[in-house]
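For reference, the structure discussed in these notes is given below.
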Amino acid sequence: MRSVNKWWMYLIYATAIVAGLFHYYTSGFGSPEPRVFRGLHLCMLLPIIFLLYPATSRSPKHRPSIPDILSAALCIAATLYTVFHAERLNERFIGFHKVRPEEVVLGGLLALAVIETCRRALSKWFALTVGIVLVYLMTCQFWTGMFHFKAFSIDRAVEILYLPNDDGIFGFLTGISAEILYVYILFAGVLTATGAGDFLINFATWAAGWARGGSAKISVVSSALYGTVSGSTVANVYATGAFTIPMMKRSGYSPKQAAAVEAISGVGGQIMPPIMGAGSFIMAEVTGVPYFTIIKVAVIPALLYYLGVMSMVHFIAIRRGIQPLKRSELPQVKTLIRHGYFILPFIFIVGLLASGYSPSKAAFHTIWMTLLLSLLDRKTWLNPKKILQIFFQALVNCALIASVLAGAGMIVGVLTRTGVALAFGSILVSASQDILLLAMFLVFIIVSVLGTGIPTTAAYIVGVTIGAQALGNFGVTVLAAHLFVFYYSVLADLTPPDAVTSFAAANLAGSEPMATGIEGFRLGIAGFLVPFAFVYQPALLLQGSTMQIVFCLILTAFGVICLASGVIGHLFSSLNALQRIFLIAAAGLLVFPSRQLTILGLILASISFVWSFKNRDIKTHASNRS
């Protein structure tokens, strides 16, 4: 990102303040009609990418170039056109009314500009994906089989990208960015600036630092808690990793292991309620399931994921003899109690959501409540510099998200209007040979490949467009199918060769990025079991009686621990190859809701547990005799 000179920075700061206050006001008091709101939203955000992010390494570092300024002006003109012509555009029908020449020019150039914003600030692979989809749109008449579709003229092709109100650049995805995401990014900024993030890290240090391998467990707990604030995997790593990675290295973890632990911990923050990143809000919009219901059913899977991570670091600590932190390194209880009021915003926002408030209005009220709480301590007051930084960071972060969602909106528009999404679903069902496990595995592979180098939200949107219907054909509920795709879209950040979260942690730890990515994937593998578990056992999504929920939770938790032990190779003592195979097999068997498979899994796990415990006793007796 550029460090622009003061005159450009004044303009950007002014935009940040206007955009922040505008979105905060609309979240509490209502927004304009959708087309106007989305047009104004992108008008303020897309130009920021061209002003702050250079096109190449040779571009000016302290000012935007002439092409950057022209591109920013284009974004303003193309988005404001939809605002000023909103009434007419709302009354026209796609594919029926004539597309005006200026709409073809502005829409076509804006589509290219969106691709360029994605390339500059997010991912060249996602930009390439959007580009390929647009090329397909213009050539679909030449394809064969399921990809064949009637030809689109240039004006009709631009029309489905630029003028609809349900998909395309100004579709429902951009609406989510405008109506919900901006205010939640402001909320996260306020929490961080007022000291809530520091409180969560201190609480994690106090809660986990006393245990064996405490430094790594602090990373797990702090990332889980901080993830409720940030909603971003990489941001989570940088926020907590700067503190936890050096601590893990001092405790005896290798740089690669320290970075990998922070990466798998940071990734889980995006599946941790109550925020869960942009995907959860999109899920609520697409499925029609209330947002509070989504975060409620996501609690158990998120806790199971972190149980797997915690088990991994625990077995590593036992195997390597890593000790707890010294008492002097733990924060004092009175300090935590003094700032314990920072837990109130989380309770408050969940309470508002449970009471039926919309996500945006719940965030609106929680922000002003958090600002009042910050006045309780002089050190947490928000001075003008902090407030300006909140607005600026919110503008930049939401500009990145808005670019992703605008690009993803074009993908969804093309895939749905050409019928490719339905065709992909049919292919998945056919390839799975009516076997749910195989269908889930195929969706997992597709989402993991899509998510490699592509932002989580985009991978989730494309993955759901392709895979949700396929899973639905097997009787998987809509919410379970969407959560399945969402989890693997998040976990794709751990998947080499472009494991962005692991690479970010490697940068902090000074370890080799690819080796860290492989280690992160290995240590995070227990979390990959959880989505299969909640599809096969809906009780993990709170569907069923209390007894069913508790029983499935205990079985799955045991399976996650078995998998972690088998991967690390340690339980009560070091495990041989056969013991590890038994534990990994047991973990897989406990996923299925079959009594016979469950009993077999418990037998295999029991053999390994008893075998490992006896080896521990033998070593203990041998040590005592010596």
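Simple scheme: letters A, B, ... for chains in structure tokens order, numbers from 1 for residues in each chain, numbers from 1 for ligands in the order shown.
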
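Near range 70-72 of chain A, within 8 Å and counting only C-alpha atoms, sit Leu46, Pro47, Ile48, Phe50, Leu51, Ile66, Pro67, Asp68, Leu74, Cys75, Ile76 and Ala113 of chain A; same-chain residues fewer than 2 positions away were not included.
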
Go ahead and save the residues from that selection, with C-alpha atoms, as an mmCIF file, in the first residue's frame.
data_model
loop_
_atom_site.group_PDB
_atom_site.id
_atom_site.type_symbol
_atom_site.label_atom_id
_atom_site.label_comp_id
_atom_site.auth_asym_id
_atom_site.auth_seq_id
_atom_site.Cartn_x
_atom_site.Cartn_y
_atom_site.Cartn_z
ATOM 1 C CA LEU A 46 -13.466 1.409 -5.299
ATOM 2 C CA PRO A 47 -11.464 4.592 -6.077
ATOM 3 C CA ILE A 48 -9.503 4.097 -2.838
ATOM 4 C CA PHE A 50 -6.497 2.860 -7.233
ATOM 5 C CA LEU A 51 -5.261 5.696 -5.027
ATOM 6 C CA ILE A 66 -2.368 9.596 -13.986
ATOM 7 C CA PRO A 67 -3.881 6.186 -14.977
ATOM 8 C CA ASP A 68 -4.726 5.615 -11.285
ATOM 9 C CA LEU A 74 -14.126 6.099 -13.924
ATOM 10 C CA CYS A 75 -15.294 4.203 -10.829
ATOM 11 C CA ILE A 76 -16.948 7.358 -9.503
ATOM 12 C CA ALA A 113 -11.812 -1.827 -13.115
#

Determine, counting only C-alpha atoms, which protein, DNA and RNA residues have an atom within 8 Å of an atom of Val333 in chain A; residues of the same chain fewer than 3 positions away are not included. Present the result as an mmCIF file with C-alpha atoms, in the first residue's frame.
data_model
loop_
_atom_site.group_PDB
_atom_site.id
_atom_site.type_symbol
_atom_site.label_atom_id
_atom_site.label_comp_id
_atom_site.auth_asym_id
_atom_site.auth_seq_id
_atom_site.Cartn_x
_atom_site.Cartn_y
_atom_site.Cartn_z
ATOM 1 C CA TRP A 206 -3.915 -15.806 32.233
ATOM 2 C CA LEU A 336 -8.035 -8.423 34.285
ATOM 3 C CA ILE A 337 -10.854 -7.628 36.688
#

Query raised in the report: Counting only C-alpha atoms, what is within 10 Å of Gly268 in chain A, bar same-chain residues fewer than 5 positions away, as a ChimeraX atom specification?
Result: /A:220,223-225,227-228,231-233,236,263,276,302-303,305-306,309,487,490-491,524,527

Next, dump the selected residues to file, keeping only all heavy atoms, as a compact mmCIF listing (two decimals), in the first residue's frame.
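Once written, selection_21.txt looks like this:
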# COMPACT_ATOMS: atom_id res chain seq x y z
N VAL A 220 -3.60 -20.27 20.94
CA VAL A 220 -4.90 -20.85 20.57
C VAL A 220 -6.04 -20.05 21.17
O VAL A 220 -6.98 -19.65 20.47
CB VAL A 220 -4.97 -22.32 21.02
CG1 VAL A 220 -6.35 -22.90 20.72
CG2 VAL A 220 -3.88 -23.15 20.35
N SER A 223 -6.21 -16.31 19.87
CA SER A 223 -6.69 -16.23 18.49
C SER A 223 -8.19 -16.52 18.42
O SER A 223 -8.91 -15.89 17.63
CB SER A 223 -5.94 -17.22 17.59
OG SER A 223 -4.60 -16.85 17.44
N ALA A 224 -8.65 -17.48 19.22
CA ALA A 224 -10.09 -17.76 19.25
C ALA A 224 -10.87 -16.55 19.73
O ALA A 224 -11.91 -16.19 19.16
CB ALA A 224 -10.37 -18.96 20.15
N LEU A 225 -10.36 -15.89 20.76
CA LEU A 225 -11.05 -14.71 21.30
C LEU A 225 -10.91 -13.52 20.38
O LEU A 225 -11.88 -12.79 20.12
CB LEU A 225 -10.50 -14.38 22.69
CG LEU A 225 -10.75 -15.42 23.77
CD1 LEU A 225 -10.04 -15.02 25.07
CD2 LEU A 225 -12.24 -15.60 24.03
N GLY A 227 -10.41 -13.54 17.27
CA GLY A 227 -11.15 -13.78 16.04
C GLY A 227 -12.58 -13.29 16.11
O GLY A 227 -13.19 -12.96 15.09
N THR A 228 -13.15 -13.21 17.32
CA THR A 228 -14.49 -12.66 17.46
C THR A 228 -14.51 -11.17 17.17
O THR A 228 -15.56 -10.59 16.93
CB THR A 228 -15.03 -12.89 18.89
OG1 THR A 228 -14.20 -12.18 19.83
CG2 THR A 228 -15.01 -14.35 19.25
N GLY A 231 -12.45 -11.08 12.59
CA GLY A 231 -13.14 -11.69 11.47
C GLY A 231 -12.25 -11.92 10.26
O GLY A 231 -12.73 -12.18 9.17
N SER A 232 -10.93 -11.83 10.43
CA SER A 232 -9.99 -12.02 9.33
C SER A 232 -8.85 -12.90 9.80
O SER A 232 -8.30 -12.69 10.88
CB SER A 232 -9.44 -10.66 8.87
OG SER A 232 -8.31 -10.82 8.04
N THR A 233 -8.49 -13.89 8.99
CA THR A 233 -7.45 -14.84 9.40
C THR A 233 -6.08 -14.18 9.47
O THR A 233 -5.35 -14.33 10.46
CB THR A 233 -7.40 -16.03 8.44
OG1 THR A 233 -7.16 -15.55 7.11
CG2 THR A 233 -8.72 -16.78 8.44
N ASN A 236 -5.85 -11.64 12.22
CA ASN A 236 -5.77 -12.35 13.50
C ASN A 236 -4.33 -12.78 13.78
O ASN A 236 -3.82 -12.62 14.90
CB ASN A 236 -6.68 -13.58 13.44
CG ASN A 236 -7.13 -14.04 14.80
OD1 ASN A 236 -6.65 -13.55 15.82
ND2 ASN A 236 -8.03 -15.00 14.83
N ALA A 263 -0.81 -19.92 12.84
CA ALA A 263 -1.62 -19.93 11.61
C ALA A 263 -2.92 -20.71 11.81
O ALA A 263 -4.00 -20.21 11.46
CB ALA A 263 -0.82 -20.53 10.46
N MET A 276 -17.52 -14.02 12.72
CA MET A 276 -17.28 -15.06 11.71
C MET A 276 -16.96 -14.52 10.31
O MET A 276 -17.08 -15.23 9.34
CB MET A 276 -18.49 -15.99 11.60
CG MET A 276 -18.76 -16.82 12.84
SD MET A 276 -20.27 -17.79 12.67
CE MET A 276 -19.86 -18.84 11.29
N ALA A 302 -17.12 -24.67 15.97
CA ALA A 302 -15.95 -23.81 16.23
C ALA A 302 -15.18 -24.31 17.45
O ALA A 302 -13.94 -24.36 17.45
CB ALA A 302 -16.40 -22.37 16.44
N LEU A 303 -15.90 -24.70 18.50
CA LEU A 303 -15.23 -25.22 19.69
C LEU A 303 -14.52 -26.54 19.40
O LEU A 303 -13.43 -26.80 19.92
CB LEU A 303 -16.25 -25.39 20.82
CG LEU A 303 -16.86 -24.10 21.38
CD1 LEU A 303 -17.90 -24.42 22.46
CD2 LEU A 303 -15.78 -23.18 21.94
N TYR A 305 -13.24 -27.37 16.52
CA TYR A 305 -12.03 -27.02 15.77
C TYR A 305 -10.92 -26.63 16.74
O TYR A 305 -9.78 -27.11 16.62
CB TYR A 305 -12.32 -25.86 14.81
CG TYR A 305 -11.06 -25.35 14.13
CD1 TYR A 305 -10.56 -25.97 13.00
CD2 TYR A 305 -10.36 -24.27 14.65
CE1 TYR A 305 -9.40 -25.53 12.38
CE2 TYR A 305 -9.19 -23.82 14.04
CZ TYR A 305 -8.72 -24.45 12.91
OH TYR A 305 -7.56 -24.00 12.32
N TYR A 306 -11.23 -25.78 17.69
CA TYR A 306 -10.20 -25.32 18.62
C TYR A 306 -9.80 -26.43 19.60
O TYR A 306 -8.68 -26.43 20.11
CB TYR A 306 -10.66 -24.06 19.36
CG TYR A 306 -10.33 -22.82 18.57
CD1 TYR A 306 -11.31 -22.10 17.93
CD2 TYR A 306 -9.01 -22.39 18.42
CE1 TYR A 306 -11.01 -20.98 17.18
CE2 TYR A 306 -8.69 -21.28 17.67
CZ TYR A 306 -9.69 -20.58 17.06
OH TYR A 306 -9.36 -19.48 16.30
N VAL A 309 -7.11 -28.14 17.68
CA VAL A 309 -5.86 -27.36 17.70
C VAL A 309 -5.20 -27.45 19.07
O VAL A 309 -3.98 -27.65 19.19
CB VAL A 309 -6.16 -25.89 17.33
CG1 VAL A 309 -4.89 -25.05 17.44
CG2 VAL A 309 -6.73 -25.79 15.93
N TYR A 487 -16.68 -23.53 5.96
CA TYR A 487 -15.56 -23.97 6.78
C TYR A 487 -14.34 -24.29 5.92
O TYR A 487 -13.22 -23.91 6.23
CB TYR A 487 -15.95 -25.19 7.61
CG TYR A 487 -16.52 -24.82 8.97
CD1 TYR A 487 -17.71 -24.11 9.06
CD2 TYR A 487 -15.88 -25.17 10.14
CE1 TYR A 487 -18.24 -23.76 10.28
CE2 TYR A 487 -16.41 -24.82 11.38
CZ TYR A 487 -17.59 -24.11 11.43
OH TYR A 487 -18.10 -23.75 12.65
N VAL A 490 -12.63 -21.26 4.57
CA VAL A 490 -11.74 -20.68 5.58
C VAL A 490 -10.46 -21.50 5.72
O VAL A 490 -9.34 -20.96 5.72
CB VAL A 490 -12.47 -20.58 6.94
CG1 VAL A 490 -11.51 -20.13 8.03
CG2 VAL A 490 -13.65 -19.62 6.84
N LEU A 491 -10.61 -22.82 5.83
CA LEU A 491 -9.46 -23.68 6.03
C LEU A 491 -8.55 -23.73 4.81
O LEU A 491 -7.40 -24.17 4.91
CB LEU A 491 -9.92 -25.10 6.40
CG LEU A 491 -10.65 -25.23 7.74
CD1 LEU A 491 -11.15 -26.65 7.95
CD2 LEU A 491 -9.76 -24.82 8.90
N GLY A 524 -3.33 -28.62 11.46
CA GLY A 524 -4.73 -28.22 11.41
C GLY A 524 -5.66 -29.30 10.91
O GLY A 524 -6.87 -29.07 10.78
N GLY A 527 -9.03 -30.16 12.47
CA GLY A 527 -10.15 -29.28 12.16
C GLY A 527 -10.86 -29.65 10.88
O GLY A 527 -12.05 -29.36 10.70

Query - Nearest to Arg616 in chain A by atom-to-atom distance, counting only C-alpha atoms, from A:Ala14, A:Val4, A:Ala586, A:Leu571 - result: A:Leu571

**Report entry** Backbone-only DSSP, helix (DSSP H, G or I) members of range 28-179 of chain A, as a PyMOL selection string
**Finding:** chain A and resi 28-29+34-52+66-84+86-91+101-121+124-142+145-147+154-162+172-179

Requested in this report: Considering only C-alpha atoms, state which residue in the set A:Met248, A:Glu91, A:Val414, A:Ser31 is at the smallest distance from Tyr136 in chain A.
Outcome: A:Val414

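Each of A:Ile176, A:Gly145, A:Arg35, A:Val404 was checked against Lys124 in chain A using only C-alpha atoms; the smallest atom-to-atom distance is that of A:Val404.
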
Report task. Rank nothing, just name the residue among A:Val104, A:Cys43, A:Ala16, A:Val99 nearest to Val396 in chain A, using only C-alpha atoms. Result -> A:Ala16

Report task. Write out as a ChimeraX atom specification the residues lying within 9 Å of Leu508 in chain A, counting only C-alpha atoms and excluding same-chain residues fewer than 6 positions away. Result -> /A:237-238,241-242,245-246,259

Would you output that residue set with N, CA, C and O atoms, as a CSV table (one decimal), in the first residue's frame?
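Result written to selection_12.csv:
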chain,number,residue,atom,x,y,z
A,237,VAL,N,-3.7,-13.3,12.8
A,237,VAL,CA,-2.3,-13.8,12.9
A,237,VAL,C,-1.4,-12.6,13.3
A,237,VAL,O,-0.5,-12.7,14.2
A,238,TYR,N,-1.5,-11.5,12.6
A,238,TYR,CA,-0.6,-10.3,12.9
A,238,TYR,C,-0.9,-9.7,14.2
A,238,TYR,O,0.0,-9.2,14.9
A,241,GLY,N,0.0,-12.9,16.8
A,241,GLY,CA,1.2,-13.6,16.5
A,241,GLY,C,2.4,-12.7,16.9
A,241,GLY,O,3.5,-13.3,17.3
A,242,ALA,N,2.3,-11.4,16.8
A,242,ALA,CA,3.5,-10.6,17.2
A,242,ALA,C,3.8,-10.8,18.7
A,242,ALA,O,5.0,-10.6,19.1
A,245,ILE,N,4.2,-15.6,19.0
A,245,ILE,CA,5.2,-16.4,18.3
A,245,ILE,C,6.6,-16.3,19.0
A,245,ILE,O,7.2,-17.3,19.2
A,246,PRO,N,7.0,-15.1,19.3
A,246,PRO,CA,8.3,-15.0,20.1
A,246,PRO,C,8.2,-15.8,21.4
A,246,PRO,O,9.2,-16.4,21.8
A,259,ALA,N,5.1,-20.7,14.1
A,259,ALA,CA,4.3,-20.1,13.0
A,259,ALA,C,3.1,-20.9,12.6
A,259,ALA,O,2.0,-20.4,12.4

Query raised in the report: For Thr144 in chain A, which of A:Ala258, A:Gly517, A:Val420, A:Glu33 is the closest residue, counting only C-alpha atoms?
Result: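 Of A:Ala258, A:Gly517, A:Val420, A:Glu33, the one nearest Thr144 in chain A is A:Val420, counting only C-alpha atoms.
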
Query raised in the report: Please, what distance in Å, to one decimal, runs between CA of Val449 in chain A and CA of Ser489 in chain A?
Result: 9.3 Å

**Report entry** Pick from A:Phe147, A:Ser177, A:Ala362, A:Phe96 nearest to Phe37 in chain A, counting only C-alpha atoms
**Finding:**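 When distances to Phe37 in chain A are compared using only C-alpha atoms, the smallest one comes from A:Ser177.
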
Query raised in the report: range 364-368 of chain A: which residues within 12 Å, counting only C-alpha atoms, same-chain residues fewer than 5 positions away excluded, as a VMD selection string?
Result: chain A and resid 20 to 21 23 to 30 179 to 194 342 to 353 357 to 359 373 to 375

Cut-off 6 Å: closest range 151-218 of chain A/range 321-324 of chain A atom pairs per residue, using only C-alpha atoms, as JSON lines:
{"residue": "A:Trp210", "atom": "CA", "partner": "A:Pro324", "partner_atom": "CA", "distance": 5.2}
{"residue": "A:Ala211", "atom": "CA", "partner": "A:Pro324", "partner_atom": "CA", "distance": 5.1}
{"residue": "A:Arg212", "atom": "CA", "partner": "A:Pro324", "partner_atom": "CA", "distance": 4.6}
{"residue": "A:Gly213", "atom": "CA", "partner": "A:Ile322", "partner_atom": "CA", "distance": 5.1}
{"residue": "A:Gly214", "atom": "CA", "partner": "A:Pro324", "partner_atom": "CA", "distance": 4.8}

Go ahead and save the picked residues with all heavy atoms, as a CSV table (one decimal), in the first residue's frame.
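As written to disk, part.csv reads:
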chain,number,residue,atom,x,y,z
A,210,TRP,N,-0.6,-21.2,32.3
A,210,TRP,CA,-0.1,-22.0,33.4
A,210,TRP,C,0.0,-23.5,33.0
A,210,TRP,O,0.6,-24.3,33.7
A,210,TRP,CB,-1.2,-22.0,34.6
A,210,TRP,CG,-2.6,-22.3,34.1
A,210,TRP,CD1,-3.5,-21.5,33.7
A,210,TRP,CD2,-3.1,-23.7,34.1
A,210,TRP,NE1,-4.6,-22.2,33.3
A,210,TRP,CE2,-4.4,-23.5,33.5
A,210,TRP,CE3,-2.6,-24.9,34.4
A,210,TRP,CZ2,-5.3,-24.6,33.3
A,210,TRP,CZ3,-3.5,-26.0,34.2
A,210,TRP,CH2,-4.8,-25.9,33.7
A,211,ALA,N,-0.6,-23.9,31.8
A,211,ALA,CA,-0.6,-25.3,31.4
A,211,ALA,C,0.7,-25.7,30.7
A,211,ALA,O,1.5,-24.8,30.2
A,211,ALA,CB,-1.8,-25.5,30.5
A,212,ARG,N,0.9,-27.0,30.6
A,212,ARG,CA,2.0,-27.5,29.8
A,212,ARG,C,2.0,-27.0,28.4
A,212,ARG,O,1.0,-27.0,27.7
A,212,ARG,CB,2.0,-29.0,29.8
A,212,ARG,CG,3.1,-29.7,29.0
A,212,ARG,CD,4.4,-29.6,29.7
A,212,ARG,NE,4.5,-30.4,30.8
A,212,ARG,CZ,4.9,-31.7,30.8
A,212,ARG,NH1,5.2,-32.3,29.7
A,212,ARG,NH2,5.0,-32.4,31.9
A,213,GLY,N,3.1,-26.4,27.9
A,213,GLY,CA,3.1,-25.8,26.6
A,213,GLY,C,2.2,-24.6,26.5
A,213,GLY,O,1.6,-24.3,25.5
A,214,GLY,N,2.3,-23.8,27.6
A,214,GLY,CA,1.4,-22.7,27.8
A,214,GLY,C,1.5,-21.6,26.7
A,214,GLY,O,0.5,-21.0,26.4

Query - Distance query range 109-112 of chain A at most 8 Å, only C-alpha atoms, self and fewer than 4 positions along chain excluded, as number ranges by chain - result: A: 74-75, 78, 105, 116, 161-162, 169

Selection to disk with C-alpha atoms, as an mmCIF file, in the first residue's frame:
data_model
loop_
_atom_site.group_PDB
_atom_site.id
_atom_site.type_symbol
_atom_site.label_atom_id
_atom_site.label_comp_id
_atom_site.auth_asym_id
_atom_site.auth_seq_id
_atom_site.Cartn_x
_atom_site.Cartn_y
_atom_site.Cartn_z
ATOM 1 C CA LEU A 74 -14.126 6.099 -13.924
ATOM 2 C CA CYS A 75 -15.294 4.203 -10.829
ATOM 3 C CA ALA A 78 -19.859 4.501 -13.387
ATOM 4 C CA VAL A 105 -19.181 1.840 -22.002
ATOM 5 C CA GLU A 116 -7.981 -4.603 -11.589
ATOM 6 C CA LEU A 161 -22.741 -7.461 -15.037
ATOM 7 C CA TYR A 162 -23.713 -3.833 -14.531
ATOM 8 C CA ILE A 169 -21.495 -5.690 -9.505
#
